[in-house]
Structure formats: C-alpha cells, structure tokens
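K.L.:
Input start-v9.pdb, format and content: PDB, C-alpha atoms and all ligand atoms.
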```
MODEL        1
ATOM      1  CA  MET A   1     121.903  72.059  35.593  1.00  0.00           C
ATOM      2  CA  THR A   2     120.854  68.996  33.625  1.00  0.00           C
ATOM      3  CA  PRO A   3     119.351  65.874  35.210  1.00  0.00           C
ATOM      4  CA  GLU A   4     122.675  64.125  34.522  1.00  0.00           C
ATOM      5  CA  THR A   5     124.390  66.487  36.963  1.00  0.00           C
ATOM      6  CA  HIS A   6     121.940  65.697  39.747  1.00  0.00           C
ATOM      7  CA  GLU A   7     124.418  63.531  41.632  1.00  0.00           C
ATOM      8  CA  TRP A   8     122.202  63.717  44.710  1.00  0.00           C
ATOM      9  CA  ALA A   9     119.722  61.414  42.920  1.00  0.00           C
ATOM     10  CA  GLN A  10     122.160  58.504  43.083  1.00  0.00           C
ATOM     11  CA  SER A  11     121.744  57.578  46.743  1.00  0.00           C
ATOM     12  CA  LEU A  12     118.696  57.310  48.973  1.00  0.00           C
ATOM     13  CA  ASP A  13     120.143  59.620  51.638  1.00  0.00           C
ATOM     14  CA  THR A  14     121.012  62.430  49.271  1.00  0.00           C
ATOM     15  CA  LEU A  15     117.744  62.080  47.360  1.00  0.00           C
ATOM     16  CA  HIS A  16     115.776  62.388  50.605  1.00  0.00           C
ATOM     17  CA  ASP A  17     117.901  65.340  51.625  1.00  0.00           C
ATOM     18  CA  GLN A  18     117.323  67.024  48.266  1.00  0.00           C
ATOM     19  CA  ALA A  19     113.550  66.598  48.564  1.00  0.00           C
ATOM     20  CA  TRP A  20     113.624  68.533  51.852  1.00  0.00           C
ATOM     21  CA  LYS A  21     115.922  71.182  50.382  1.00  0.00           C
ATOM     22  CA  ARG A  22     113.422  71.740  47.587  1.00  0.00           C
ATOM     23  CA  LEU A  23     110.555  71.992  50.082  1.00  0.00           C
ATOM     24  CA  ALA A  24     112.510  74.494  52.192  1.00  0.00           C
ATOM     25  CA  ARG A  25     113.179  76.533  49.060  1.00  0.00           C
ATOM     26  CA  GLY A  26     109.457  76.582  48.378  1.00  0.00           C
ATOM     27  CA  VAL A  27     108.809  78.168  51.762  1.00  0.00           C
ATOM     28  CA  ALA A  28     111.517  80.796  51.324  1.00  0.00           C
ATOM     29  CA  ASP A  29     111.204  81.639  47.631  1.00  0.00           C
ATOM     30  CA  ARG A  30     107.924  82.722  46.019  1.00  0.00           C
ATOM     31  CA  ARG A  31     109.146  81.574  42.606  1.00  0.00           C
ATOM     32  CA  ALA A  32     110.325  78.102  43.631  1.00  0.00           C
ATOM     33  CA  PRO A  33     108.276  75.182  42.291  1.00  0.00           C
ATOM     34  CA  CYS A  34     107.552  73.871  45.796  1.00  0.00           C
ATOM     35  CA  ARG A  35     105.948  77.201  46.723  1.00  0.00           C
ATOM     36  CA  HIS A  36     102.638  76.022  45.275  1.00  0.00           C
ATOM     37  CA  PRO A  37     102.014  72.344  45.892  1.00  0.00           C
ATOM     38  CA  THR A  38      98.730  70.591  45.288  1.00  0.00           C
ATOM     39  CA  LEU A  39      97.007  69.471  48.474  1.00  0.00           C
ATOM     40  CA  ALA A  40      94.709  66.487  48.057  1.00  0.00           C
ATOM     41  CA  THR A  41      92.125  65.390  50.595  1.00  0.00           C
ATOM     42  CA  VAL A  42      89.105  63.093  50.499  1.00  0.00           C
ATOM     43  CA  ASP A  43      85.591  64.469  50.919  1.00  0.00           C
ATOM     44  CA  ALA A  44      82.641  62.915  52.753  1.00  0.00           C
ATOM     45  CA  GLU A  45      81.615  60.996  49.610  1.00  0.00           C
ATOM     46  CA  GLY A  46      85.121  59.576  49.170  1.00  0.00           C
ATOM     47  CA  THR A  47      85.834  61.837  46.206  1.00  0.00           C
ATOM     48  CA  PRO A  48      89.449  63.058  45.952  1.00  0.00           C
ATOM     49  CA  GLN A  49      89.641  66.860  46.213  1.00  0.00           C
ATOM     50  CA  ALA A  50      92.782  68.649  45.030  1.00  0.00           C
ATOM     51  CA  ARG A  51      93.707  72.318  45.156  1.00  0.00           C
ATOM     52  CA  THR A  52      96.759  74.576  44.984  1.00  0.00           C
ATOM     53  CA  VAL A  53      98.075  75.962  48.265  1.00  0.00           C
ATOM     54  CA  VAL A  54     101.073  77.939  49.485  1.00  0.00           C
ATOM     55  CA  LEU A  55     103.678  75.963  51.412  1.00  0.00           C
ATOM     56  CA  ARG A  56     104.230  77.924  54.645  1.00  0.00           C
ATOM     57  CA  ALA A  57     106.622  75.742  56.619  1.00  0.00           C
ATOM     58  CA  ALA A  58     108.797  72.673  56.045  1.00  0.00           C
ATOM     59  CA  ASP A  59     110.554  71.065  58.987  1.00  0.00           C
ATOM     60  CA  PRO A  60     112.807  68.189  57.864  1.00  0.00           C
ATOM     61  CA  LYS A  61     113.621  67.000  61.401  1.00  0.00           C
ATOM     62  CA  ALA A  62     109.996  66.519  62.384  1.00  0.00           C
ATOM     63  CA  ALA A  63     109.003  65.772  58.763  1.00  0.00           C
ATOM     64  CA  ARG A  64     106.177  68.280  59.029  1.00  0.00           C
ATOM     65  CA  LEU A  65     104.704  70.801  56.619  1.00  0.00           C
ATOM     66  CA  ARG A  66     102.310  73.673  57.247  1.00  0.00           C
ATOM     67  CA  VAL A  67      99.591  75.194  55.115  1.00  0.00           C
ATOM     68  CA  TYR A  68      97.334  78.084  56.092  1.00  0.00           C
ATOM     69  CA  THR A  69      93.682  78.183  55.176  1.00  0.00           C
ATOM     70  CA  ASP A  70      90.299  79.630  56.018  1.00  0.00           C
ATOM     71  CA  ARG A  71      88.802  77.759  58.923  1.00  0.00           C
ATOM     72  CA  HIS A  72      85.497  77.481  57.032  1.00  0.00           C
ATOM     73  CA  ALA A  73      87.024  76.093  53.831  1.00  0.00           C
ATOM     74  CA  ASP A  74      85.789  72.681  52.717  1.00  0.00           C
ATOM     75  CA  LYS A  75      89.257  71.189  53.064  1.00  0.00           C
ATOM     76  CA  VAL A  76      89.088  71.778  56.831  1.00  0.00           C
ATOM     77  CA  ASP A  77      85.835  69.821  57.123  1.00  0.00           C
ATOM     78  CA  GLU A  78      87.383  67.126  54.951  1.00  0.00           C
ATOM     79  CA  VAL A  79      90.469  66.631  57.086  1.00  0.00           C
ATOM     80  CA  GLN A  80      88.399  66.763  60.252  1.00  0.00           C
ATOM     81  CA  LEU A  81      86.445  63.801  58.882  1.00  0.00           C
ATOM     82  CA  THR A  82      89.425  62.008  57.316  1.00  0.00           C
ATOM     83  CA  PRO A  83      92.648  63.380  58.842  1.00  0.00           C
ATOM     84  CA  LYS A  84      94.835  62.495  55.897  1.00  0.00           C
ATOM     85  CA  ALA A  85      96.224  64.418  52.947  1.00  0.00           C
ATOM     86  CA  THR A  86      98.663  64.053  50.086  1.00  0.00           C
ATOM     87  CA  VAL A  87     100.861  66.923  48.983  1.00  0.00           C
ATOM     88  CA  HIS A  88     102.026  66.767  45.397  1.00  0.00           C
ATOM     89  CA  VAL A  89     104.692  68.842  43.669  1.00  0.00           C
ATOM     90  CA  TRP A  90     106.427  68.666  40.330  1.00  0.00           C
ATOM     91  CA  ASP A  91     109.703  70.497  40.809  1.00  0.00           C
ATOM     92  CA  ASN A  92     110.737  71.107  37.221  1.00  0.00           C
ATOM     93  CA  VAL A  93     114.057  72.640  38.275  1.00  0.00           C
ATOM     94  CA  ALA A  94     115.214  69.569  40.211  1.00  0.00           C
ATOM     95  CA  HIS A  95     113.300  67.165  37.949  1.00  0.00           C
ATOM     96  CA  LEU A  96     111.609  65.763  41.043  1.00  0.00           C
ATOM     97  CA  GLN A  97     108.053  64.686  41.647  1.00  0.00           C
ATOM     98  CA  LEU A  98     107.186  64.576  45.349  1.00  0.00           C
ATOM     99  CA  ARG A  99     104.168  62.708  46.676  1.00  0.00           C
ATOM    100  CA  LEU A 100     103.958  63.320  50.401  1.00  0.00           C
ATOM    101  CA  ILE A 101     101.409  61.326  52.367  1.00  0.00           C
ATOM    102  CA  ALA A 102     100.532  62.904  55.700  1.00  0.00           C
ATOM    103  CA  SER A 103      98.307  62.758  58.715  1.00  0.00           C
ATOM    104  CA  VAL A 104      96.723  66.149  59.364  1.00  0.00           C
ATOM    105  CA  GLU A 105      95.948  68.182  62.449  1.00  0.00           C
ATOM    106  CA  VAL A 106      93.873  71.369  62.255  1.00  0.00           C
ATOM    107  CA  LEU A 107      95.151  74.182  64.485  1.00  0.00           C
ATOM    108  CA  ILE A 108      92.739  77.022  65.294  1.00  0.00           C
ATOM    109  CA  GLY A 109      92.135  79.595  68.042  1.00  0.00           C
ATOM    110  CA  PRO A 110      94.958  80.413  70.484  1.00  0.00           C
ATOM    111  CA  ALA A 111      97.275  77.934  68.747  1.00  0.00           C
ATOM    112  CA  VAL A 112      97.356  80.109  65.613  1.00  0.00           C
ATOM    113  CA  GLU A 113      97.552  83.545  67.267  1.00  0.00           C
ATOM    114  CA  PRO A 114     101.358  83.734  66.811  1.00  0.00           C
ATOM    115  CA  VAL A 115     100.877  82.954  63.112  1.00  0.00           C
ATOM    116  CA  TRP A 116      98.173  85.630  62.743  1.00  0.00           C
ATOM    117  CA  ALA A 117     100.405  88.187  64.469  1.00  0.00           C
ATOM    118  CA  GLN A 118     103.067  87.671  61.787  1.00  0.00           C
ATOM    119  CA  LEU A 119     100.761  87.952  58.768  1.00  0.00           C
ATOM    120  CA  SER A 120     100.673  91.203  56.796  1.00  0.00           C
ATOM    121  CA  ASP A 121      97.334  93.008  56.363  1.00  0.00           C
ATOM    122  CA  HIS A 122      97.365  91.840  52.768  1.00  0.00           C
ATOM    123  CA  ALA A 123      97.851  88.188  53.737  1.00  0.00           C
ATOM    124  CA  ARG A 124      95.120  88.405  56.390  1.00  0.00           C
ATOM    125  CA  GLN A 125      92.579  89.162  53.660  1.00  0.00           C
ATOM    126  CA  CYS A 126      92.587  85.476  52.719  1.00  0.00           C
ATOM    127  CA  TYR A 127      91.035  84.370  56.001  1.00  0.00           C
ATOM    128  CA  GLY A 128      87.432  85.309  56.779  1.00  0.00           C
ATOM    129  CA  PHE A 129      84.696  85.513  54.144  1.00  0.00           C
ATOM    130  CA  SER A 130      81.012  86.290  54.442  1.00  0.00           C
ATOM    131  CA  PRO A 131      79.211  84.178  53.436  1.00  0.00           C
ATOM    132  CA  ALA A 132      81.663  81.394  54.250  1.00  0.00           C
ATOM    133  CA  SER A 133      84.111  79.969  51.687  1.00  0.00           C
ATOM    134  CA  GLY A 134      82.322  77.656  49.237  1.00  0.00           C
ATOM    135  CA  SER A 135      78.843  79.200  49.740  1.00  0.00           C
ATOM    136  CA  ALA A 136      76.659  79.734  46.634  1.00  0.00           C
ATOM    137  CA  ILE A 137      76.410  83.493  45.860  1.00  0.00           C
ATOM    138  CA  ASP A 138      74.396  85.528  43.307  1.00  0.00           C
ATOM    139  CA  ASP A 139      77.385  87.181  41.674  1.00  0.00           C
ATOM    140  CA  GLY A 140      81.120  86.483  41.481  1.00  0.00           C
ATOM    141  CA  LEU A 141      81.896  89.331  43.877  1.00  0.00           C
ATOM    142  CA  ALA A 142      78.852  89.039  46.166  1.00  0.00           C
ATOM    143  CA  TYR A 143      80.932  88.394  49.273  1.00  0.00           C
ATOM    144  CA  ASP A 144      82.674  90.442  51.946  1.00  0.00           C
ATOM    145  CA  LYS A 145      86.063  89.972  53.506  1.00  0.00           C
ATOM    146  CA  GLN A 146      86.072  89.935  57.271  1.00  0.00           C
ATOM    147  CA  PRO A 147      89.646  89.038  58.192  1.00  0.00           C
ATOM    148  CA  SER A 148      89.999  87.744  61.717  1.00  0.00           C
ATOM    149  CA  ALA A 149      92.315  85.440  63.630  1.00  0.00           C
ATOM    150  CA  ASP A 150      89.275  83.260  64.333  1.00  0.00           C
ATOM    151  CA  SER A 151      89.069  82.498  60.621  1.00  0.00           C
ATOM    152  CA  LEU A 152      92.626  81.254  60.276  1.00  0.00           C
ATOM    153  CA  ALA A 153      93.325  77.535  60.368  1.00  0.00           C
ATOM    154  CA  VAL A 154      96.780  76.036  60.141  1.00  0.00           C
ATOM    155  CA  LEU A 155      96.958  72.557  58.687  1.00  0.00           C
ATOM    156  CA  GLU A 156      99.832  70.709  60.269  1.00  0.00           C
ATOM    157  CA  LEU A 157     100.845  67.854  58.025  1.00  0.00           C
ATOM    158  CA  THR A 158     102.906  65.136  59.652  1.00  0.00           C
ATOM    159  CA  LEU A 159     104.462  63.142  56.841  1.00  0.00           C
ATOM    160  CA  GLN A 160     104.133  59.369  57.064  1.00  0.00           C
ATOM    161  CA  HIS A 161     105.491  58.478  53.637  1.00  0.00           C
ATOM    162  CA  MET A 162     107.375  60.319  50.909  1.00  0.00           C
ATOM    163  CA  GLU A 163     107.593  59.082  47.385  1.00  0.00           C
ATOM    164  CA  VAL A 164     110.247  60.736  45.263  1.00  0.00           C
ATOM    165  CA  LEU A 165     110.597  60.314  41.501  1.00  0.00           C
ATOM    166  CA  HIS A 166     113.636  61.749  39.761  1.00  0.00           C
ATOM    167  CA  LEU A 167     113.477  62.109  36.014  1.00  0.00           C
ATOM    168  CA  GLY A 168     117.010  61.767  34.728  1.00  0.00           C
ATOM    169  CA  HIS A 169     118.696  60.064  31.825  1.00  0.00           C
ATOM    170  CA  ARG A 170     117.453  56.976  33.682  1.00  0.00           C
ATOM    171  CA  HIS A 171     114.622  57.561  36.114  1.00  0.00           C
ATOM    172  CA  ARG A 172     114.861  56.719  39.790  1.00  0.00           C
ATOM    173  CA  ARG A 173     112.009  56.322  42.250  1.00  0.00           C
ATOM    174  CA  ALA A 174     112.193  55.830  46.011  1.00  0.00           C
ATOM    175  CA  ARG A 175     109.814  55.460  48.943  1.00  0.00           C
ATOM    176  CA  PHE A 176     110.644  56.759  52.389  1.00  0.00           C
ATOM    177  CA  SER A 177     108.601  56.078  55.518  1.00  0.00           C
ATOM    178  CA  ARG A 178     108.515  57.490  59.025  1.00  0.00           C
ATOM    179  CA  SER A 179     108.167  53.913  60.356  1.00  0.00           C
ATOM    180  CA  ASP A 180     111.660  52.956  59.143  1.00  0.00           C
ATOM    181  CA  GLY A 181     113.329  56.228  60.064  1.00  0.00           C
ATOM    182  CA  TRP A 182     113.173  57.525  56.467  1.00  0.00           C
ATOM    183  CA  SER A 183     115.922  55.117  55.388  1.00  0.00           C
ATOM    184  CA  GLY A 184     114.234  54.646  52.008  1.00  0.00           C
ATOM    185  CA  GLN A 185     113.637  51.927  49.454  1.00  0.00           C
ATOM    186  CA  TRP A 186     114.239  52.114  45.733  1.00  0.00           C
ATOM    187  CA  VAL A 187     111.261  51.071  43.649  1.00  0.00           C
ATOM    188  CA  THR A 188     110.848  50.572  39.934  1.00  0.00           C
ATOM    189  CA  PRO A 189     109.690  53.811  38.305  1.00  0.00           C
TER
HETATM  190  C1  LIG B 201      98.412  80.050  43.560  1.00  0.00           C
HETATM  191  C2  LIG B 201      97.335  79.680  44.550  1.00  0.00           C
HETATM  192  C3  LIG B 201      97.648  79.617  45.891  1.00  0.00           C
HETATM  193  C4  LIG B 201      96.674  79.284  46.822  1.00  0.00           C
HETATM  194  N1  LIG B 201      97.023  79.197  48.144  1.00  0.00           N
HETATM  195  C5  LIG B 201      96.091  78.797  49.050  1.00  0.00           C
HETATM  196  C6  LIG B 201      96.457  78.575  50.411  1.00  0.00           C
HETATM  197  O1  LIG B 201      97.617  78.730  50.816  1.00  0.00           O
HETATM  198  N2  LIG B 201      95.485  78.184  51.259  1.00  0.00           N
HETATM  199  C7  LIG B 201      94.187  77.984  50.846  1.00  0.00           C
HETATM  200  O2  LIG B 201      93.365  77.622  51.684  1.00  0.00           O
HETATM  201  N3  LIG B 201      93.818  78.172  49.566  1.00  0.00           N
HETATM  202  C8  LIG B 201      94.739  78.553  48.664  1.00  0.00           C
HETATM  203  N4  LIG B 201      94.384  78.733  47.352  1.00  0.00           N
HETATM  204  C9  LIG B 201      92.975  78.518  46.968  1.00  0.00           C
HETATM  205  C10 LIG B 201      92.679  77.031  46.896  1.00  0.00           C
HETATM  206  O3  LIG B 201      93.291  76.493  45.733  1.00  0.00           O
HETATM  207  C11 LIG B 201      91.167  76.719  46.903  1.00  0.00           C
HETATM  208  O4  LIG B 201      90.546  77.335  45.788  1.00  0.00           O
HETATM  209  C12 LIG B 201      90.492  77.218  48.172  1.00  0.00           C
HETATM  210  O5  LIG B 201      91.322  77.044  49.302  1.00  0.00           O
HETATM  211  C13 LIG B 201      89.178  76.472  48.405  1.00  0.00           C
HETATM  212  O6  LIG B 201      89.463  75.097  48.532  1.00  0.00           O
HETATM  213  P1  LIG B 201      88.505  74.092  49.313  1.00  0.00           P
HETATM  214  O7  LIG B 201      87.082  74.526  49.030  1.00  0.00           O
HETATM  215  O8  LIG B 201      88.818  72.755  48.748  1.00  0.00           O
HETATM  216  O9  LIG B 201      88.805  74.180  50.771  1.00  0.00           O
HETATM  217  C14 LIG B 201      95.344  79.032  46.401  1.00  0.00           C
HETATM  218  C15 LIG B 201      95.047  79.070  45.037  1.00  0.00           C
HETATM  219  C16 LIG B 201      96.018  79.383  44.132  1.00  0.00           C
HETATM  220  C17 LIG B 201      95.650  79.408  42.673  1.00  0.00           C
ENDMDL
END
```
Take the structure from the file and write it as structure tokens.
Ligand SMILES: Cc1cc2nc3c(=O)[nH]c(=O)nc-3n(C[C@H](O)[C@H](O)[C@H](O)COP(=O)(O)O)c2cc1C

P.N.:
Amino acid sequence: MTPETHEWAQSLDTLHDQAWKRLARGVADRRAPCRHPTLATVDAEGTPQARTVVLRAADPKAARLRVYTDRHADKVDEVQLTPKATVHVWDNVAHLQLRLIASVEVLIGPAVEPVWAQLSDHARQCYGFSPASGSAIDDGLAYDKQPSADSLAVLELTLQHMEVLHLGHRHRRARFSRSDGWSGQWVTP
C-alpha cells in the first residue's frame, strides 16, 4: 500500500478513525508500529523525559490509552507532579505520525488487581525491583526482581488533543481536540 492509496487521509473523520485503528493494532499486534510508542513526561526540573513503552489499551470511544509501569519508576513521580504526557508514534506502515497529548492518572493498589491477575509470570517480572527502578547500583545486574501487584502502576492517559501527520504525495496534518468533540482542523504541515 503506497501513501497515494491511503484514501482515509483525505477527510478529517477518516483520518481520525485511521489513527485509532493504528493504535488498536498496536495493542493487538506485537509487530505493529504503535506497539511501542514513546511516552514523554516532564520531570521536576522541567526537563522533557522520553522513553519507549508498550501500548496496553486503546479505547477510541473514551479516547483513552493505557500503559503499565513499575510504581517506583521515575515516570510515575513525574506524572504525579505534572499529570500530563505526550505519546508519540511514527507508524511507518500507515505513514502516520501521531502526537497524542494527554492528562494522566496513576492507578495502583486494588484498582490494578484485575490487570495483575491477567499478566503472565513472565510479564510480571517487569514490576518490582530491589533496589527501586532508577537507583544507582554497583554492577549492571546488582538488582533483584521482586514481582508483586503492589509494584504495578497503570498509567491511564486521557487524550485531550491528537495531532496527526500523514506523509503522502502531498502531506496532510490535522489537529483533533476533546473540547470540540474530535471534529478536527486541518493545519499546514
Ligand atoms: C521495547 C521497550 C518496551 C518498553 N516497555 C515499557 C513499558 O511498557 N513500561 C515501562 O515502564 N517501561 C518500558 N520500557 C522501559 C522504559 O523505556 C524505561 O527504560 C523505564 O520504564 C524507565 O523509565 P523512567 O525511569 O523514565 O520511568 C520499555 C523499553 C523498551 C526498549
């Protein structure tokens, strides 16, 4: 499929719809480009912090995404201080760049027990380190894994704005906002 055949890029509605289809594909398919977005937050000094994450859920109706992380990871402290994040993906299959600006809620404790119950033993290994994630250690492997539900945090990202750039024969760029019901606005690329 070439960019010229991406007919969905021609209208705001279908472009918005396609962005959510790509996100849903990322959740379902380990090899899809949207599987591994970059999550950007701002730290206490105002420095942008970006890292790769796995996209765990994408709900187009509520315009919400979910990411799982270790409760003691720096990104959790960052969003507790500044509850905002941007998710970035370059989907090279659809020729789409997505910049998704979100407010963030951190879910921990009983709220994440159903999520923990569904994780495989292998997946659980990512949540619970001693010393805590980001601690200075004497050697690259001088840490233990102590998986526990208490160490899991779910970041619930409620999208406020979506900016979608399609690279085609002629590029198209659009902004969508929760405040106008995601109707969308073309902008110059
Ligand atoms: C392919 C890939 C997938 C990753 N997925 C996650 C993830 O889903 N959640 C997470 O917290 N960290 C994930 N990481 C690790 C983060 O990129 C980061 O190194 C770690 O979370 C610490 O970030 P922080 O100190 O900014 O919180 C992933 C890294 C890679 C390379």

K.L.:
For ligand LIG 201 (chain B), list the contacting residues at 12 Å or closer, counting all atoms listed in the file, as a PyMOL selection string.

P.N.:
chain A and resi 27+30-31+33-43+47-57+66-79+85+123-129+132-136+151-155

K.L.:
Residue by residue, what does the PyMOL selection byres (((chain A and resi 160) around 7) and not hetatm) grab here? Present the result as a PyMOL selection string.

P.N.:
chain A and resi 101-103+158-159+161+177-178

K.L.:
Any idea what the distance is between atom CA of Gln185 of chain A and atom CA of Leu167 of chain A?

P.N.:
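Distance reported for this atom pair: 16.9 Å.
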
K.L.:
Using the chain letters and numbers from the file, give me the residues hit by the PyMOL selection byres (((chain A and resi 91-93) around 12) and not hetatm), as a ChimeraX atom specification.

P.N.:
/A:1-3,6,18-23,25-26,31-38,88-90,94-99,164-168

K.L.:
What does the distance from atom CA of Ser183 of chain A to atom CA of Trp8 of chain A come to in Å, to one decimal?

P.N.:
15.1 Å

K.L.:
One number please: atom CA of Phe176 of chain A to atom CA of Met162 of chain A, in Å, one decimal.

P.N.:
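Atom-to-atom, atom CA of Phe176 of chain A and atom CA of Met162 of chain A are spaced 5.1 Å apart.
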
K.L.:
Have a look at A:Ala9, A:Ala24, A:Ala63, A:Leu81 and name the one nearest to Gly46 of chain A; count only C-alpha atoms.

P.N.:
A:Leu81

K.L.:
Take the PyMOL selection byres (((chain A and resi 189) around 7) and not hetatm), run it mentally on this structure, and tell me the resulting residues as a list in words.

P.N.:
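This file gives the following for the PyMOL selection byres (((chain A and resi 189) around 7) and not hetatm): His171, Arg172, Arg173, Val187 and Thr188 of chain A.
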
K.L.:
Would you mind exporting segment 54-77 of chain A with N, CA, C and O atoms, as a PDB file, in the first residue's frame?

P.N.:
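Saved as part.pdb:
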```pdb
ATOM      1  N   VAL A  54       5.169  -0.045  26.091  1.00  0.00           N
ATOM      2  CA  VAL A  54       4.255  -0.917  25.347  1.00  0.00           C
ATOM      3  C   VAL A  54       2.842  -0.348  25.494  1.00  0.00           C
ATOM      4  O   VAL A  54       2.421  -0.027  26.612  1.00  0.00           O
ATOM      5  N   LEU A  55       2.155  -0.221  24.382  1.00  0.00           N
ATOM      6  CA  LEU A  55       0.763   0.254  24.433  1.00  0.00           C
ATOM      7  C   LEU A  55      -0.124  -0.923  24.838  1.00  0.00           C
ATOM      8  O   LEU A  55      -0.190  -1.936  24.144  1.00  0.00           O
ATOM      9  N   ARG A  56      -0.813  -0.789  25.968  1.00  0.00           N
ATOM     10  CA  ARG A  56      -1.596  -1.906  26.524  1.00  0.00           C
ATOM     11  C   ARG A  56      -3.082  -1.826  26.246  1.00  0.00           C
ATOM     12  O   ARG A  56      -3.771  -2.852  26.273  1.00  0.00           O
ATOM     13  N   ALA A  57      -3.592  -0.621  26.058  1.00  0.00           N
ATOM     14  CA  ALA A  57      -5.027  -0.483  25.762  1.00  0.00           C
ATOM     15  C   ALA A  57      -5.245   0.807  24.987  1.00  0.00           C
ATOM     16  O   ALA A  57      -4.536   1.795  25.204  1.00  0.00           O
ATOM     17  N   ALA A  58      -6.238   0.768  24.090  1.00  0.00           N
ATOM     18  CA  ALA A  58      -6.609   1.950  23.301  1.00  0.00           C
ATOM     19  C   ALA A  58      -8.123   1.928  23.137  1.00  0.00           C
ATOM     20  O   ALA A  58      -8.667   1.027  22.493  1.00  0.00           O
ATOM     21  N   ASP A  59      -8.777   2.885  23.753  1.00  0.00           N
ATOM     22  CA  ASP A  59     -10.235   2.943  23.741  1.00  0.00           C
ATOM     23  C   ASP A  59     -10.662   4.199  22.962  1.00  0.00           C
ATOM     24  O   ASP A  59     -10.585   5.312  23.488  1.00  0.00           O
ATOM     25  N   PRO A  60     -11.099   4.020  21.717  1.00  0.00           N
ATOM     26  CA  PRO A  60     -11.422   5.192  20.888  1.00  0.00           C
ATOM     27  C   PRO A  60     -12.617   5.978  21.407  1.00  0.00           C
ATOM     28  O   PRO A  60     -12.670   7.199  21.282  1.00  0.00           O
ATOM     29  N   LYS A  61     -13.598   5.291  22.001  1.00  0.00           N
ATOM     30  CA  LYS A  61     -14.800   5.996  22.477  1.00  0.00           C
ATOM     31  C   LYS A  61     -14.455   6.974  23.589  1.00  0.00           C
ATOM     32  O   LYS A  61     -14.881   8.123  23.592  1.00  0.00           O
ATOM     33  N   ALA A  62     -13.672   6.493  24.551  1.00  0.00           N
ATOM     34  CA  ALA A  62     -13.296   7.346  25.679  1.00  0.00           C
ATOM     35  C   ALA A  62     -12.048   8.166  25.354  1.00  0.00           C
ATOM     36  O   ALA A  62     -11.670   9.046  26.123  1.00  0.00           O
ATOM     37  N   ALA A  63     -11.413   7.850  24.228  1.00  0.00           N
ATOM     38  CA  ALA A  63     -10.126   8.461  23.846  1.00  0.00           C
ATOM     39  C   ALA A  63      -9.118   8.297  24.979  1.00  0.00           C
ATOM     40  O   ALA A  63      -8.540   9.272  25.472  1.00  0.00           O
ATOM     41  N   ARG A  64      -8.946   7.049  25.397  1.00  0.00           N
ATOM     42  CA  ARG A  64      -8.010   6.746  26.479  1.00  0.00           C
ATOM     43  C   ARG A  64      -7.037   5.660  26.038  1.00  0.00           C
ATOM     44  O   ARG A  64      -7.400   4.746  25.291  1.00  0.00           O
ATOM     45  N   LEU A  65      -5.811   5.791  26.545  1.00  0.00           N
ATOM     46  CA  LEU A  65      -4.779   4.779  26.340  1.00  0.00           C
ATOM     47  C   LEU A  65      -4.322   4.293  27.701  1.00  0.00           C
ATOM     48  O   LEU A  65      -4.456   5.012  28.696  1.00  0.00           O
ATOM     49  N   ARG A  66      -3.722   3.095  27.718  1.00  0.00           N
ATOM     50  CA  ARG A  66      -3.135   2.589  28.963  1.00  0.00           C
ATOM     51  C   ARG A  66      -1.728   2.081  28.725  1.00  0.00           C
ATOM     52  O   ARG A  66      -1.451   1.437  27.709  1.00  0.00           O
ATOM     53  N   VAL A  67      -0.897   2.363  29.720  1.00  0.00           N
ATOM     54  CA  VAL A  67       0.491   1.894  29.747  1.00  0.00           C
ATOM     55  C   VAL A  67       0.727   1.320  31.131  1.00  0.00           C
ATOM     56  O   VAL A  67       0.228   1.862  32.112  1.00  0.00           O
ATOM     57  N   TYR A  68       1.462   0.212  31.198  1.00  0.00           N
ATOM     58  CA  TYR A  68       1.792  -0.362  32.508  1.00  0.00           C
ATOM     59  C   TYR A  68       3.229   0.003  32.855  1.00  0.00           C
ATOM     60  O   TYR A  68       4.111   0.024  31.987  1.00  0.00           O
ATOM     61  N   THR A  69       3.467   0.203  34.143  1.00  0.00           N
ATOM     62  CA  THR A  69       4.834   0.508  34.550  1.00  0.00           C
ATOM     63  C   THR A  69       5.063   0.085  35.991  1.00  0.00           C
ATOM     64  O   THR A  69       4.147  -0.364  36.680  1.00  0.00           O
ATOM     65  N   ASP A  70       6.325   0.194  36.406  1.00  0.00           N
ATOM     66  CA  ASP A  70       6.670  -0.061  37.799  1.00  0.00           C
ATOM     67  C   ASP A  70       6.270   1.166  38.611  1.00  0.00           C
ATOM     68  O   ASP A  70       6.583   2.300  38.235  1.00  0.00           O
ATOM     69  N   ARG A  71       5.608   0.918  39.692  1.00  0.00           N
ATOM     70  CA  ARG A  71       5.108   2.014  40.525  1.00  0.00           C
ATOM     71  C   ARG A  71       6.227   2.949  40.997  1.00  0.00           C
ATOM     72  O   ARG A  71       5.998   4.117  41.274  1.00  0.00           O
ATOM     73  N   HIS A  72       7.456   2.395  41.094  1.00  0.00           N
ATOM     74  CA  HIS A  72       8.574   3.198  41.601  1.00  0.00           C
ATOM     75  C   HIS A  72       9.413   3.816  40.487  1.00  0.00           C
ATOM     76  O   HIS A  72      10.463   4.405  40.765  1.00  0.00           O
ATOM     77  N   ALA A  73       8.948   3.680  39.250  1.00  0.00           N
ATOM     78  CA  ALA A  73       9.689   4.274  38.122  1.00  0.00           C
ATOM     79  C   ALA A  73       9.585   5.800  38.184  1.00  0.00           C
ATOM     80  O   ALA A  73       8.581   6.354  38.658  1.00  0.00           O
ATOM     81  N   ASP A  74      10.613   6.452  37.680  1.00  0.00           N
ATOM     82  CA  ASP A  74      10.628   7.929  37.710  1.00  0.00           C
ATOM     83  C   ASP A  74       9.415   8.537  37.020  1.00  0.00           C
ATOM     84  O   ASP A  74       8.902   9.583  37.438  1.00  0.00           O
ATOM     85  N   LYS A  75       8.965   7.892  35.939  1.00  0.00           N
ATOM     86  CA  LYS A  75       7.848   8.474  35.190  1.00  0.00           C
ATOM     87  C   LYS A  75       6.594   8.609  36.062  1.00  0.00           C
ATOM     88  O   LYS A  75       5.775   9.488  35.841  1.00  0.00           O
ATOM     89  N   VAL A  76       6.466   7.725  37.056  1.00  0.00           N
ATOM     90  CA  VAL A  76       5.284   7.802  37.936  1.00  0.00           C
ATOM     91  C   VAL A  76       5.377   9.046  38.813  1.00  0.00           C
ATOM     92  O   VAL A  76       4.405   9.807  38.945  1.00  0.00           O
ATOM     93  N   ASP A  77       6.572   9.273  39.375  1.00  0.00           N
ATOM     94  CA  ASP A  77       6.767  10.510  40.164  1.00  0.00           C
ATOM     95  C   ASP A  77       6.506  11.731  39.290  1.00  0.00           C
ATOM     96  O   ASP A  77       5.906  12.712  39.735  1.00  0.00           O
TER      97      ASP A  77
END
```
